[in-house]
Every structure is written in C-alpha cells, then in structure tokens.
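Asker: I'm passing along input22.txt; it holds compact mmCIF, C-alpha atoms.
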```txt
# COMPACT_ATOMS: atom_id res chain seq x y z
CA MET A 376 -6.38 -10.13 -13.49
CA PRO A 377 -6.72 -12.75 -10.67
CA LEU A 378 -5.55 -10.13 -8.14
CA LEU A 379 -8.15 -7.67 -9.44
CA GLY A 380 -10.82 -10.37 -9.19
CA LYS A 381 -9.84 -11.06 -5.58
CA ARG A 382 -10.05 -7.36 -4.73
CA LEU A 383 -13.49 -7.08 -6.36
CA ASN A 384 -14.69 -10.15 -4.45
CA TRP A 385 -13.37 -8.58 -1.25
CA LEU A 386 -15.28 -5.35 -1.96
CA LYS A 387 -18.42 -7.36 -2.67
CA SER A 388 -18.14 -9.56 0.39
CA GLY A 389 -16.95 -6.92 2.90
CA LEU A 390 -19.92 -5.66 4.91
CA PHE A 391 -18.20 -2.35 5.64
CA TRP A 392 -17.66 -1.59 1.95
CA ARG A 393 -21.11 -2.83 0.97
CA THR A 394 -22.64 -0.51 3.56
CA PHE A 395 -20.39 2.36 2.52
CA PHE A 396 -21.11 2.05 -1.20
CA LEU A 397 -24.85 1.68 -0.56
CA LEU A 398 -24.89 4.83 1.55
CA ALA A 399 -22.67 6.64 -0.96
CA PHE A 400 -24.96 5.68 -3.84
CA LEU A 401 -28.08 6.77 -1.96
CA ILE A 402 -26.48 10.07 -0.93
CA ALA A 403 -25.16 10.81 -4.44
CA ALA A 404 -28.52 9.95 -6.01
CA SER A 405 -30.31 12.14 -3.46
CA ILE A 406 -27.99 15.09 -4.13
CA LEU A 407 -28.38 14.77 -7.90
CA ALA A 408 -32.16 14.48 -7.60
CA TRP A 409 -32.28 17.47 -5.26
CA VAL A 410 -30.11 19.64 -7.55
CA ALA A 411 -32.12 18.67 -10.64
CA SER A 412 -35.44 19.27 -8.88
CA PHE A 413 -34.27 22.58 -7.43
CA ARG A 414 -33.06 23.86 -10.78
CA ILE A 415 -36.30 22.84 -12.51
CA VAL A 416 -38.54 24.32 -9.81
CA GLU A 417 -36.37 27.43 -9.45
CA ARG A 418 -36.07 28.09 -13.21
CA THR A 419 -39.34 30.00 -13.84
CA PRO A 420 -39.35 32.15 -10.66
CA ARG A 421 -35.69 33.05 -11.17
CA ALA A 422 -36.27 33.94 -14.84
CA GLN A 423 -39.20 36.12 -13.84
CA GLN A 424 -37.09 37.79 -11.16
CA MET A 425 -34.26 38.48 -13.62
CA ALA A 426 -36.76 39.79 -16.19
CA ALA A 427 -38.21 42.18 -13.62
CA GLN A 428 -34.67 43.35 -12.79
CA VAL A 429 -33.85 43.94 -16.49
CA ILE A 430 -37.15 45.76 -17.04
CA SER A 431 -36.53 48.01 -14.03
CA ILE A 432 -32.98 48.85 -15.14
CA VAL A 433 -34.06 49.62 -18.72
CA THR A 434 -37.06 51.66 -17.61
CA ILE A 435 -35.11 53.73 -15.08
CA THR A 436 -32.18 54.24 -17.45
CA ARG A 437 -34.46 55.32 -20.29
CA ALA A 438 -36.37 57.72 -18.03
CA ALA A 439 -33.10 59.19 -16.71
CA LEU A 440 -31.75 59.75 -20.20
CA THR A 441 -35.06 61.18 -21.44
CA HIS A 442 -35.49 63.69 -18.66
CA SER A 443 -31.88 64.72 -18.18
CA ALA A 444 -30.42 67.86 -19.71
CA PRO A 445 -28.47 67.21 -22.90
CA ASP A 446 -25.26 68.63 -21.45
CA LEU A 447 -25.49 66.30 -18.42
CA ARG A 448 -26.14 63.05 -20.31
CA ARG A 449 -22.43 62.26 -20.78
CA GLU A 450 -21.84 62.58 -17.03
CA LEU A 451 -24.95 60.45 -16.36
CA LEU A 452 -23.70 57.69 -18.69
CA PHE A 453 -20.31 57.77 -16.97
CA ASP A 454 -21.93 57.39 -13.53
CA LEU A 455 -24.09 54.50 -14.73
CA ALA A 456 -21.05 52.69 -16.15
CA SER A 457 -18.74 53.25 -13.20
CA ASN A 458 -21.19 52.82 -10.31
CA GLU A 459 -23.88 50.46 -11.62
CA GLY A 460 -22.09 48.53 -14.35
CA ILE A 461 -24.66 49.73 -16.90
CA ARG A 462 -23.36 50.80 -20.28
CA ILE A 463 -25.39 52.43 -23.04
CA TYR A 464 -24.44 52.19 -26.74
CA PRO A 465 -26.25 53.37 -29.87
CA LEU A 466 -27.72 50.47 -31.84
CA GLU A 467 -26.31 50.41 -35.35
CA LYS A 468 -27.46 48.31 -38.27
CA THR A 469 -23.84 47.26 -38.80
CA ASP A 470 -23.50 45.76 -35.31
CA VAL A 471 -22.30 42.14 -35.26
CA VAL A 472 -24.73 40.43 -32.91
CA GLU A 473 -24.47 36.94 -31.34
CA PRO A 474 -27.51 35.48 -29.56
CA PRO A 475 -27.42 34.78 -25.82
CA PRO A 476 -26.19 31.34 -24.70
CA GLU A 477 -28.87 28.65 -24.56
CA SER A 478 -30.28 28.07 -21.09
CA GLY A 479 -33.51 26.86 -19.59
CA TRP A 480 -34.52 30.23 -18.19
CA MET A 481 -33.69 32.49 -21.21
CA PRO A 482 -37.00 31.94 -23.11
CA VAL A 483 -38.99 32.84 -19.97
CA LEU A 484 -36.86 35.97 -19.42
CA GLU A 485 -37.21 37.12 -23.05
CA SER A 486 -40.99 36.65 -23.11
CA ASN A 487 -41.45 38.61 -19.87
CA VAL A 488 -39.16 41.47 -21.02
CA LYS A 489 -40.86 41.69 -24.42
CA ALA A 490 -44.27 41.77 -22.74
CA ARG A 491 -43.25 45.01 -20.96
CA LEU A 492 -40.78 46.65 -23.34
CA GLY A 493 -42.28 45.60 -26.67
CA ASP A 494 -42.00 42.73 -29.09
CA ASP A 495 -39.23 44.49 -31.02
CA THR A 496 -36.85 44.25 -28.06
CA LYS A 497 -33.63 42.48 -29.03
CA PHE A 498 -31.28 40.35 -26.90
CA ALA A 499 -27.65 39.46 -27.48
CA GLY A 500 -24.79 37.65 -25.79
CA LYS A 501 -22.13 39.55 -27.74
CA VAL A 502 -22.23 42.76 -29.74
CA ASN A 503 -19.15 43.54 -31.81
CA ASP A 504 -17.25 40.83 -29.87
CA VAL A 505 -18.03 42.49 -26.52
CA ALA A 506 -19.55 39.91 -24.15
CA GLY A 507 -22.34 40.68 -21.70
CA PHE A 508 -26.08 40.64 -21.47
CA TRP A 509 -27.37 43.03 -24.14
CA VAL A 510 -30.96 44.27 -24.37
CA SER A 511 -32.26 46.98 -26.73
CA PHE A 512 -34.65 49.85 -25.96
CA LYS A 513 -35.97 52.94 -27.73
CA ILE A 514 -36.02 56.63 -26.92
CA ASP A 515 -38.36 58.22 -29.43
CA ASP A 516 -37.13 56.87 -32.78
CA ASP A 517 -33.56 56.11 -31.66
CA GLU A 518 -32.50 52.61 -30.59
CA TYR A 519 -29.86 51.86 -27.97
CA TRP A 520 -28.13 48.87 -26.44
CA LEU A 521 -28.03 48.44 -22.68
CA ARG A 522 -25.25 46.10 -21.57
CA LEU A 523 -25.10 44.38 -18.19
CA ASP A 524 -22.44 42.08 -16.79
CA ARG A 525 -23.59 38.47 -17.21
CA GLU A 526 -22.90 37.75 -13.53
CA ARG A 527 -25.82 40.01 -12.59
CA ILE A 528 -28.17 37.95 -14.77
CA GLU A 529 -26.94 34.35 -14.69
CA GLY A 530 -26.80 33.81 -10.92
CA VAL A 531 -25.20 30.49 -9.96
CA SER A 532 -23.27 28.98 -12.89
CA SER A 533 -22.93 25.27 -13.70
CA ILE A 534 -19.32 25.34 -12.44
CA GLN A 535 -20.51 26.74 -9.12
CA TRP A 536 -23.25 24.12 -8.92
CA LEU A 537 -20.63 21.44 -9.58
CA GLY A 538 -18.38 22.83 -6.85
CA LEU A 539 -21.22 22.99 -4.35
CA GLY A 540 -22.36 19.49 -5.28
CA THR A 541 -18.83 18.09 -5.00
CA THR A 542 -18.30 19.68 -1.59
CA THR A 543 -21.63 18.32 -0.36
CA LEU A 544 -20.85 14.87 -1.77
CA VAL A 545 -17.40 14.71 -0.13
CA LEU A 546 -18.86 15.70 3.24
CA SER A 547 -21.63 13.15 2.78
CA LEU A 548 -19.12 10.40 1.92
CA LEU A 549 -17.15 11.20 5.06
CA GLY A 550 -20.39 10.85 6.96
CA ALA A 551 -21.04 7.54 5.15
CA VAL A 552 -17.62 6.26 6.27
CA PHE A 553 -18.40 7.21 9.86
CA ILE A 554 -21.87 5.62 9.74
CA SER A 555 -20.55 2.44 8.06
CA ARG A 556 -17.82 2.11 10.66
CA LEU A 557 -20.31 2.73 13.46
CA ILE A 558 -22.62 0.04 12.07
CA ASN A 559 -19.94 -2.54 11.33
CA GLN A 560 -17.67 -2.06 14.36
CA PRO A 561 -19.78 -4.31 16.66
CA LEU A 562 -19.82 -7.02 13.97
CA ALA A 563 -16.06 -6.68 13.53
CA ARG A 564 -15.59 -7.12 17.29
CA ILE A 565 -17.74 -10.27 17.30
CA THR A 566 -15.85 -11.62 14.27
CA ALA A 567 -12.49 -11.06 15.96
CA ALA A 568 -13.77 -12.70 19.15
CA THR A 569 -15.07 -15.77 17.28
CA ARG A 570 -11.73 -16.12 15.50
CA ALA A 571 -9.97 -16.03 18.87
CA ILE A 572 -12.28 -18.79 20.13
CA ALA A 573 -11.58 -20.84 16.99
CA LYS A 574 -7.85 -20.57 17.80
CA GLY A 575 -8.43 -21.83 21.31
CA LEU A 576 -8.02 -18.43 22.97
CA LYS A 577 -10.31 -16.62 25.38
CA PRO A 578 -11.26 -13.23 23.91
CA ASP A 579 -11.77 -10.09 25.95
CA PRO A 580 -15.44 -9.44 26.86
CA LEU A 581 -17.36 -7.39 24.31
CA PRO A 582 -18.61 -3.99 25.52
CA GLU A 583 -22.22 -4.28 26.66
CA LYS A 584 -23.27 -0.78 25.62
CA GLY A 585 -24.77 1.01 22.65
CA PRO A 586 -28.10 0.29 20.89
CA THR A 587 -30.35 -2.31 22.48
CA GLU A 588 -29.80 -4.91 19.74
CA ILE A 589 -25.99 -4.61 19.89
CA LYS A 590 -26.03 -4.60 23.68
CA GLU A 591 -28.13 -7.78 23.81
CA ALA A 592 -25.99 -9.51 21.16
CA ASN A 593 -22.76 -8.69 22.99
CA ARG A 594 -24.23 -9.74 26.33
CA SER A 595 -25.36 -13.09 24.86
CA PHE A 596 -21.97 -13.61 23.23
CA ASN A 597 -20.13 -12.88 26.49
CA GLN A 598 -22.40 -15.32 28.29
CA MET A 599 -21.69 -17.97 25.65
CA VAL A 600 -17.92 -17.46 26.01
CA ALA A 601 -18.20 -17.71 29.79
CA ASP A 602 -20.24 -20.91 29.49
CA LEU A 603 -17.74 -22.43 27.06
CA HIS A 604 -14.86 -21.52 29.35
CA ARG A 605 -16.67 -23.02 32.32
CA VAL A 606 -17.42 -26.23 30.39
CA GLU A 607 -13.78 -26.41 29.32
CA SER A 608 -12.60 -25.92 32.89
CA ASP A 609 -15.06 -28.48 34.25
CA ARG A 610 -13.98 -31.00 31.64
CA ALA A 611 -10.31 -30.43 32.47
CA VAL A 612 -11.01 -30.88 36.18
CA ILE A 613 -13.05 -34.05 35.60
CA LEU A 614 -10.50 -35.64 33.27
CA ALA A 615 -7.59 -34.67 35.50
CA GLY A 616 -9.40 -35.99 38.57
CA ILE A 617 -10.30 -39.30 36.96
CA SER A 618 -6.82 -39.72 35.53
CA HIS A 619 -5.21 -38.94 38.88
CA ASP A 620 -7.50 -41.34 40.73
CA LEU A 621 -6.78 -44.12 38.24
CA ARG A 622 -3.02 -43.84 38.54
CA THR A 623 -3.07 -44.72 42.24
CA PRO A 624 -4.50 -48.25 41.76
CA LEU A 625 -2.33 -48.67 38.67
CA ALA A 626 0.77 -48.02 40.76
CA ARG A 627 -0.39 -50.62 43.29
CA MET A 628 -1.08 -53.12 40.52
CA GLN A 629 2.39 -52.60 39.06
CA LEU A 630 3.91 -53.19 42.49
CA GLU A 631 1.82 -56.33 43.01
CA VAL A 632 2.81 -57.68 39.59
CA GLU A 633 6.48 -57.15 40.41
CA MET A 634 6.17 -58.92 43.76
CA ALA A 635 3.88 -61.72 42.61
CA HIS A 636 5.35 -65.10 41.65
CA LEU A 637 4.17 -65.13 38.03
CA PRO A 638 5.56 -66.72 34.90
CA ASP A 639 7.66 -64.30 32.85
CA ASP A 640 5.20 -64.26 29.92
CA ALA A 641 2.28 -63.44 32.18
CA ARG A 642 4.26 -60.76 34.03
CA ASP A 643 5.38 -59.13 30.74
CA GLY A 644 1.84 -59.13 29.41
CA MET A 645 0.39 -57.56 32.52
CA GLN A 646 3.14 -54.96 32.66
CA SER A 647 2.50 -54.12 29.01
CA ASP A 648 -1.20 -53.66 29.68
CA LEU A 649 -0.52 -51.47 32.71
CA ALA A 650 1.95 -49.34 30.70
CA GLN A 651 -0.64 -48.93 27.97
CA MET A 652 -3.26 -47.84 30.51
CA ASP A 653 -0.78 -45.36 31.99
CA ALA A 654 -0.08 -43.96 28.50
CA ILE A 655 -3.81 -43.50 27.88
CA ILE A 656 -4.17 -41.66 31.17
CA GLY A 657 -1.25 -39.45 30.14
CA GLN A 658 -3.14 -38.61 26.96
CA PHE A 659 -6.19 -37.67 29.03
CA LEU A 660 -4.10 -35.34 31.16
CA GLU A 661 -2.48 -33.76 28.09
CA PHE A 662 -5.82 -33.25 26.35
CA ALA A 663 -7.32 -31.78 29.51
CA LYS A 664 -4.74 -29.00 29.65
CA PRO A 665 -6.34 -25.55 29.38
CA THR A 666 -5.91 -23.77 26.03
CA GLU A 667 -4.60 -20.45 27.33
CA LYS A 668 -2.16 -18.58 25.14
CA ALA A 669 1.24 -20.27 25.10
CA GLN A 670 4.42 -18.42 25.92
CA LEU A 671 6.16 -18.45 22.56
CA ALA A 672 9.81 -17.88 21.83
CA SER A 673 12.18 -18.53 18.96
CA VAL A 674 12.76 -22.29 18.53
CA ASN A 675 15.32 -23.93 16.24
CA LEU A 676 12.93 -26.15 14.29
CA THR A 677 15.74 -27.83 12.36
CA ASP A 678 17.43 -29.17 15.50
CA LEU A 679 14.11 -30.15 17.07
CA LEU A 680 13.03 -32.22 14.04
CA ASN A 681 16.44 -33.84 13.73
CA ASP A 682 16.27 -34.90 17.40
CA CYS A 683 12.80 -36.38 16.95
CA ALA A 684 13.87 -38.20 13.76
CA ARG A 685 16.98 -39.56 15.52
CA GLU A 686 14.97 -40.83 18.51
CA ALA A 687 12.31 -42.43 16.28
CA GLY A 688 15.01 -44.08 14.15
CA ARG A 689 16.18 -46.08 17.17
CA LEU A 690 12.87 -47.99 17.21
CA SER A 691 13.13 -51.40 15.61
CA ASP A 692 9.85 -51.12 13.67
CA VAL A 693 10.40 -47.59 12.25
CA SER A 694 12.42 -46.39 9.24
CA ILE A 695 12.94 -42.63 9.01
CA SER A 696 13.77 -40.66 5.86
CA SER A 697 14.29 -36.94 6.43
CA ASP A 698 14.71 -33.87 4.25
CA ILE A 699 14.93 -30.98 6.73
CA ALA A 700 16.00 -27.49 5.72
CA ARG A 701 18.77 -25.87 7.72
CA ASN A 702 18.46 -22.93 10.11
CA VAL A 703 14.66 -22.80 10.28
CA ASN A 704 13.42 -20.94 13.37
CA VAL A 705 9.80 -20.64 14.41
CA PHE A 706 7.79 -19.09 17.23
CA GLY A 707 6.77 -21.75 19.69
CA ASN A 708 7.31 -23.71 22.84
CA ALA A 709 10.00 -26.33 22.33
CA THR A 710 8.43 -28.85 24.73
CA ASP A 711 4.98 -28.59 23.15
CA LEU A 712 6.34 -28.79 19.60
CA LYS A 713 8.40 -31.86 20.44
CA ARG A 714 5.27 -33.46 21.91
CA VAL A 715 3.45 -32.67 18.64
CA PHE A 716 6.14 -34.28 16.49
CA ASN A 717 6.41 -37.33 18.72
CA ASN A 718 2.62 -37.80 18.68
CA VAL A 719 2.56 -37.58 14.88
CA ILE A 720 5.42 -40.08 14.56
CA GLU A 721 3.75 -42.41 17.07
CA ASN A 722 0.46 -42.16 15.16
CA ALA A 723 2.26 -43.12 11.95
CA ARG A 724 4.12 -45.97 13.73
CA ARG A 725 0.88 -47.45 15.02
CA TYR A 726 -1.36 -47.02 12.01
CA GLY A 727 0.90 -46.56 8.96
CA LYS A 728 2.79 -49.80 8.64
CA THR A 729 3.89 -50.55 5.09
CA ALA A 730 1.89 -53.26 3.38
CA GLU A 731 3.44 -56.76 3.70
CA LYS A 732 6.06 -55.40 6.08
CA ASN A 733 6.13 -55.21 9.84
CA LEU A 734 7.77 -51.82 9.44
CA THR A 735 6.63 -48.20 9.33
CA GLU A 736 8.37 -46.00 6.78
CA ILE A 737 8.07 -42.31 7.71
CA ASP A 738 9.23 -39.40 5.55
CA ILE A 739 9.91 -36.13 7.40
CA ALA A 740 10.30 -32.94 5.34
CA CYS A 741 10.71 -29.33 6.40
CA ARG A 742 10.98 -26.21 4.25
CA THR A 743 10.04 -22.53 4.33
CA GLU A 744 7.27 -20.99 2.24
CA GLY A 745 7.09 -17.20 2.54
CA ASP A 746 6.85 -16.32 6.23
CA HIS A 747 5.88 -19.84 7.34
CA ALA A 748 7.68 -23.11 7.95
CA VAL A 749 6.02 -26.20 6.47
CA ILE A 750 6.60 -29.60 8.12
CA GLU A 751 5.27 -32.79 6.51
CA PHE A 752 5.10 -36.29 8.00
CA SER A 753 4.20 -39.00 5.48
CA ASP A 754 3.82 -42.73 5.98
CA HIS A 755 3.53 -45.51 3.39
CA GLY A 756 0.57 -47.31 4.92
CA ALA A 757 -2.99 -47.87 3.75
CA GLY A 758 -4.09 -44.27 4.22
CA VAL A 759 -7.55 -43.12 5.27
CA PRO A 760 -10.78 -42.81 3.26
CA ASP A 761 -11.09 -39.19 2.13
CA ALA A 762 -14.53 -38.85 3.72
CA GLU A 763 -13.10 -39.87 7.11
CA ILE A 764 -10.01 -37.64 7.25
CA GLU A 765 -11.69 -34.83 9.21
CA ARG A 766 -12.86 -37.32 11.86
CA LEU A 767 -9.24 -38.11 12.75
CA LEU A 768 -8.96 -34.73 14.51
CA ARG A 769 -11.96 -35.35 16.74
CA PRO A 770 -11.26 -36.45 20.32
CA PHE A 771 -11.64 -40.17 21.12
CA THR A 772 -11.80 -41.08 17.41
CA ARG A 773 -9.88 -44.01 15.91
CA LEU A 774 -10.42 -45.34 12.40
CA ASP A 775 -9.09 -48.83 13.16
CA THR A 776 -10.82 -50.41 10.18
CA ALA A 777 -8.91 -48.16 7.81
CA ARG A 778 -5.56 -47.90 9.57
CA GLY A 779 -5.16 -51.25 11.26
CA GLN A 780 -5.87 -52.23 14.85
CA ALA A 781 -3.90 -50.44 17.54
CA ASN A 782 -4.30 -49.44 21.12
CA GLY A 783 -4.94 -45.90 22.32
CA ALA A 784 -7.62 -43.43 23.36
CA GLY A 785 -7.89 -41.63 20.05
CA LEU A 786 -6.49 -38.36 21.43
CA GLY A 787 -3.11 -38.15 19.70
CA LEU A 788 -4.09 -35.99 16.71
CA ALA A 789 -6.65 -34.03 18.75
CA ILE A 790 -3.82 -33.03 21.10
CA VAL A 791 -1.65 -32.14 18.09
CA GLU A 792 -4.36 -29.87 16.69
CA ARG A 793 -4.88 -28.04 20.01
CA ILE A 794 -1.15 -27.37 20.38
CA ILE A 795 -0.79 -26.22 16.76
CA LYS A 796 -3.68 -23.77 17.23
CA ARG A 797 -1.98 -22.36 20.32
CA HIS A 798 1.07 -21.75 18.11
CA HIS A 799 -0.94 -19.83 15.48
CA GLY A 800 -0.34 -22.69 13.06
CA ILE A 801 -2.38 -24.77 10.62
CA LEU A 802 -2.78 -28.57 10.62
CA LYS A 803 -3.91 -30.38 7.48
CA LEU A 804 -4.34 -34.09 6.78
CA SER A 805 -4.40 -35.67 3.32
CA ASN A 806 -3.65 -38.94 1.54
CA ARG A 807 -0.50 -39.39 -0.50
CA PRO A 808 -1.06 -40.28 -4.17
CA GLN A 809 1.31 -43.26 -3.70
CA GLY A 810 -0.57 -44.40 -0.58
CA GLY A 811 -0.34 -43.46 3.06
CA LEU A 812 -1.30 -40.47 5.17
CA ARG A 813 0.40 -37.07 4.99
CA ILE A 814 0.22 -34.66 7.96
CA ARG A 815 1.14 -31.08 7.06
CA ILE A 816 1.93 -28.53 9.78
CA GLN A 817 2.41 -24.84 9.02
CA LEU A 818 3.99 -22.57 11.63
CA PRO A 819 5.00 -18.89 11.45
CA ILE A 820 8.74 -18.42 11.32
CA THR A 821 10.54 -16.00 13.63
CA GLY A 822 9.51 -12.39 12.99
CA THR A 823 6.06 -13.00 11.45
CA ILE A 824 3.70 -12.86 14.46
CA ALA A 825 2.36 -9.42 15.34
```
Output the structure of this file as structure tokens.
Answerer:
Amino acid sequence: MPLLGKRLNWLKSGLFWRTFFLLAFLIAASILAWVASFRIVERTPRAQQMAAQVISIVTITRAALTHSAPDLRRELLFDLASNEGIRIYPLEKTDVVEPPPESGWMPVLESNVKARLGDDTKFAGKVNDVAGFWVSFKIDDDEYWLRLDRERIEGVSSIQWLGLGTTTLVLSLLGAVFISRLINQPLARITAATRAIAKGLKPDPLPEKGPTEIKEANRSFNQMVADLHRVESDRAVILAGISHDLRTPLARMQLEVEMAHLPDDARDGMQSDLAQMDAIIGQFLEFAKPTEKAQLASVNLTDLLNDCAREAGRLSDVSISSDIARNVNVFGNATDLKRVFNNVIENARRYGKTAEKNLTEIDIACRTEGDHAVIEFSDHGAGVPDAEIERLLRPFTRLDTARGQANGAGLGLAIVERIIKRHHGILKLSNRPQGGLRIRIQLPITGTIA
C-alpha cells in the first residue's frame, strides 16, 4: 500500500502525467460527446432514409410480382434472392414472429413505412427463427413477407462504433503523449540544469529556440548560469589573490621571528599565531577552488578511513573509536576524500571536547546501505542547537557560543559540503541523543554512478 501511495503521488505531482491525463480526459470526453451528438442528430434522417429504401424495395417488388406472368414469377423470385438479397415468403397465421430489436431509429422507420404502405404493415426481427428485417405487404387479398439482410438496414452497428471510437481514442492519446512531451521537455531541461547547479556543476546551455516564452526563459536561465559562473570565478580569483599576497609577509614574519632574540614563550606564541593565520589562508585557497566535475575513480574507503583514524589517534587530545566495514569501495578522489575526513575530525577536535575533559572522543563508523556507503563521525561534546545546524554549512560561520571557543575561518564544513557534492554524495548534520554532533556522509559505492 505505501508503494501504491507513492506511485499515485508521483502521478499527481508529475507535470508530464498531469498534462497527459488532462489532455486524455478532454479528448475522450470530446469523442464521447461527438459520437453521442452525431448519433442523436443522425437518428431521424437515417431512419427516414432507411424507410424510403424499404418503401422503394417493397413497392418495386410488389409491382414486379403483380405485372409479371405467372410462369415467370418463380424465376423472378430467384433473381431477387440471388442478386438483390430480397426474399419473398407467404405470410401465414401460424408464423412465429419476433419483433425487431429495440433501437432509437426503429419507431421513426415504422411510422414512415406505415404512412406509405398502410397501417396494417407488420415488422419482425425473426420469422420462424429466420433472422433478418421482415416487412409485410399485400397483393390483392394475399399477404407476403419481404425479408432483407439486417446489414442493409442497420448501417453502422454499436460494435463498429466502439471500434471506430477506440481507434480514434488511441490515436488521440498518442497525440496527447507527443503534446505533453513537447510542453514539458523545456521544463525538464531547466529542472535538470538546476539540479546540476545545486550539485556544483556547470550545466550545458539550454537551447534558445522554440516558442517565444520558452526561448526567453532559456535565454534568461543561460544568462543567470553565466553570471553565477563569472561570480564564482571572480570570487576564486579574489580569494586566491588575497591569500597569495598575505603569505608573502607571513613568510617574512616567520623568518624575522626565527632570527629575532625573543624569549622562548614569546617566540612560541608568535609562531603559533603565524601558523594559525597560514592555516586560515589555506582554508581560503581550498574554498576558492572551482567546483568543476571531479575526476572520480574507485577508492578503497576502508583503508582511507583507517589511515585517517590512525593519524588522528596520534594526537594527544583525541580519542578515536572506529567501526569500519571491510572492503568498501566508492567513487571518488582519494586526496579530496581524505581532506574531507581530516576536516571533519579537526572540526570535532576543536568544538566537540567531552564535558569536564580536555579530550575529544570521536566515533567513526562506516557501513554499506544498498548502493551507497554511509560514513558517520560522532563526537561527545555539547552539540549544536537544532535551529542552528543548517548554519554550520554556510561559509565563514562558527557557532562558538554553542561549541566552545576555537580559532578558524568557519570554512571547514563548507569545504566538506562542496567536495561531497562533487562526489555525488549527501552530507547531513544532526545531534546525537546522548549528546554531541553527528556528521553523516553518504557516497555511491563502486558501480552505482551512471
């Protein structure tokens, strides 16, 4: 039942299917209305036409039989039966007669025939179990039956109408599919392009052709993408330029500190400050990297996480607990993924110290779920207010009041998110029920990216 509900929601929310079903409903309703109207309007004229045909056949047949020589009547009846499908039978009182089938045009036909041939004219659908269209007539005082094939009288049957209607409906539905696709294809292109932008990719330009509205929308969208790309490039150039220019005086300051006759405490403090400034500049340069599509290959995630956990475990203020599945391989760039894991561990080391301890306890877990690998980094610190979690991914954002004072530019998790997007992954932050922040990373395992 849940799967059926999801499919129904998809049909309701999909613009293509909504357009298709709307067109299909309108076409089907139009066909039904047209058929009903045609049959109603056509009923009386067709009944009158069939009545005139029956009257003509009966009149001509009666005149031929009346004026023909008695010895030639048998041959005349044979010719009428074989060539015209008209059969003449004597009307007997013992005949077993069934009335004609009910139809909308039969009363009109009977009234018209009786008006010309007499009110005593009889009609039957079967006489002595022989089907056809039977009508009686008189020659002098003798009564006869004239039988015609029903196909000559009925015209188009309900089965034929159904076949014609079905054929028309199928062709119309094929046209509805084509029209729906034609209408929704530009929207589908824009949707795909916006998804590419959301993943940090640069989509191909949309075709600037077609109806005026679509052409203008695609042209505006292409201009927006170009402007965003230019802003991104300008930002990268500015940040890279500033960072590069700052590192030159920093290098001179480090050299001067080394050569200056300073007390050891003062020298260590200044060197620490300079190293921190250099690390911040490194974050600027990393964040300023363009977001073009990364060259992905198969990476042994198990070994990569074990290396990161081993390196972090050497730090005096970090305690690592790991539960990493074996032989997990993902699509990615090993250098970028290692930078992601190190940034996450460093973020936890700075902000997730365990209460009443000068120590950061970090749990690293890795497992596979379907066609994705799930990596979780959890600390045992104070956590983050739920309303502020999304802000952690914004550039230059630090929630020092919630996570403790620390130095940095607030770019660590923003860099992580950009790299994860380039790897077709998902990054999610949440608080642990026991306290602390949990960072969940989902990456496609080898063989799942189209």
Asker: To one decimal place, how far is atom CA of Glu467 of chain A from atom CA of Pro482 of chain A in Å?
Answerer: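 Interatomic distance here is 24.6 Å.
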Asker: So which one's closest to Gly688 of chain A, A:Leu537, A:Val471, A:Ile572, A:Ile720? Using only C-alpha atoms, please.
Answerer: A:Ile720
Asker: So which one's closest to Leu401 of chain A, A:Val483, A:Ala439, A:Leu680, A:Leu544? Using all atoms listed in the file, please.
Answerer: A:Leu544
Asker: Could you pull the residues within 12 Å of Glu686 of chain A, counting all atoms listed in the file, minus those fewer than 3 positions along the same chain, as a list in words?
Answerer: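 Contacts, in chain order: Leu679, Leu680, Asn681, Asp682, Cys683, Arg689, Leu690, Ser691, Val693, Ser694, Ile695, Lys713, Phe716, Asn717, Ile720 and Glu721 of chain A.
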Asker: Find the distance between atom CA of Ile794 of chain A and atom CA of Ala571 of chain A and write it in Å to one decimal.
Answerer: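 One can read the atom CA of Ile794 of chain A to atom CA of Ala571 of chain A distance as 14.4 Å.
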Asker: For atom CA of Ala650 of chain A and atom CA of Leu788 of chain A, quote the distance in Å rounded to one decimal.
Answerer: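 Distance between the two atoms: 20.3 Å.
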Asker: Looking at A:Glu473, A:Asp524, A:Glu607, A:Glu518, which one is nearest to Ile461 of chain A, with distances taken over only C-alpha atoms?
Answerer: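 Residue with the minimum atom-to-atom distance to Ile461 of chain A: A:Asp524.
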Asker: Residues near Gly800 of chain A, anyone? I mean within 10 Å using only C-alpha atoms, not counting same-chain ones fewer than 6 positions away, as a PDB file with C-alpha atoms, in the coordinates of the input.
Answerer:
```pdb
ATOM      1  CA  LYS A 574      -7.850 -20.570  17.800  1.00  0.00           C
ATOM      2  CA  PHE A 706       7.790 -19.090  17.230  1.00  0.00           C
ATOM      3  CA  GLY A 707       6.770 -21.750  19.690  1.00  0.00           C
ATOM      4  CA  HIS A 747       5.880 -19.840   7.340  1.00  0.00           C
ATOM      5  CA  ALA A 748       7.680 -23.110   7.950  1.00  0.00           C
ATOM      6  CA  VAL A 749       6.020 -26.200   6.470  1.00  0.00           C
ATOM      7  CA  GLU A 792      -4.360 -29.870  16.690  1.00  0.00           C
ATOM      8  CA  ARG A 793      -4.880 -28.040  20.010  1.00  0.00           C
ATOM      9  CA  ILE A 794      -1.150 -27.370  20.380  1.00  0.00           C
ATOM     10  CA  ILE A 816       1.930 -28.530   9.780  1.00  0.00           C
ATOM     11  CA  GLN A 817       2.410 -24.840   9.020  1.00  0.00           C
ATOM     12  CA  LEU A 818       3.990 -22.570  11.630  1.00  0.00           C
ATOM     13  CA  PRO A 819       5.000 -18.890  11.450  1.00  0.00           C
TER      14      PRO A 819
END
```
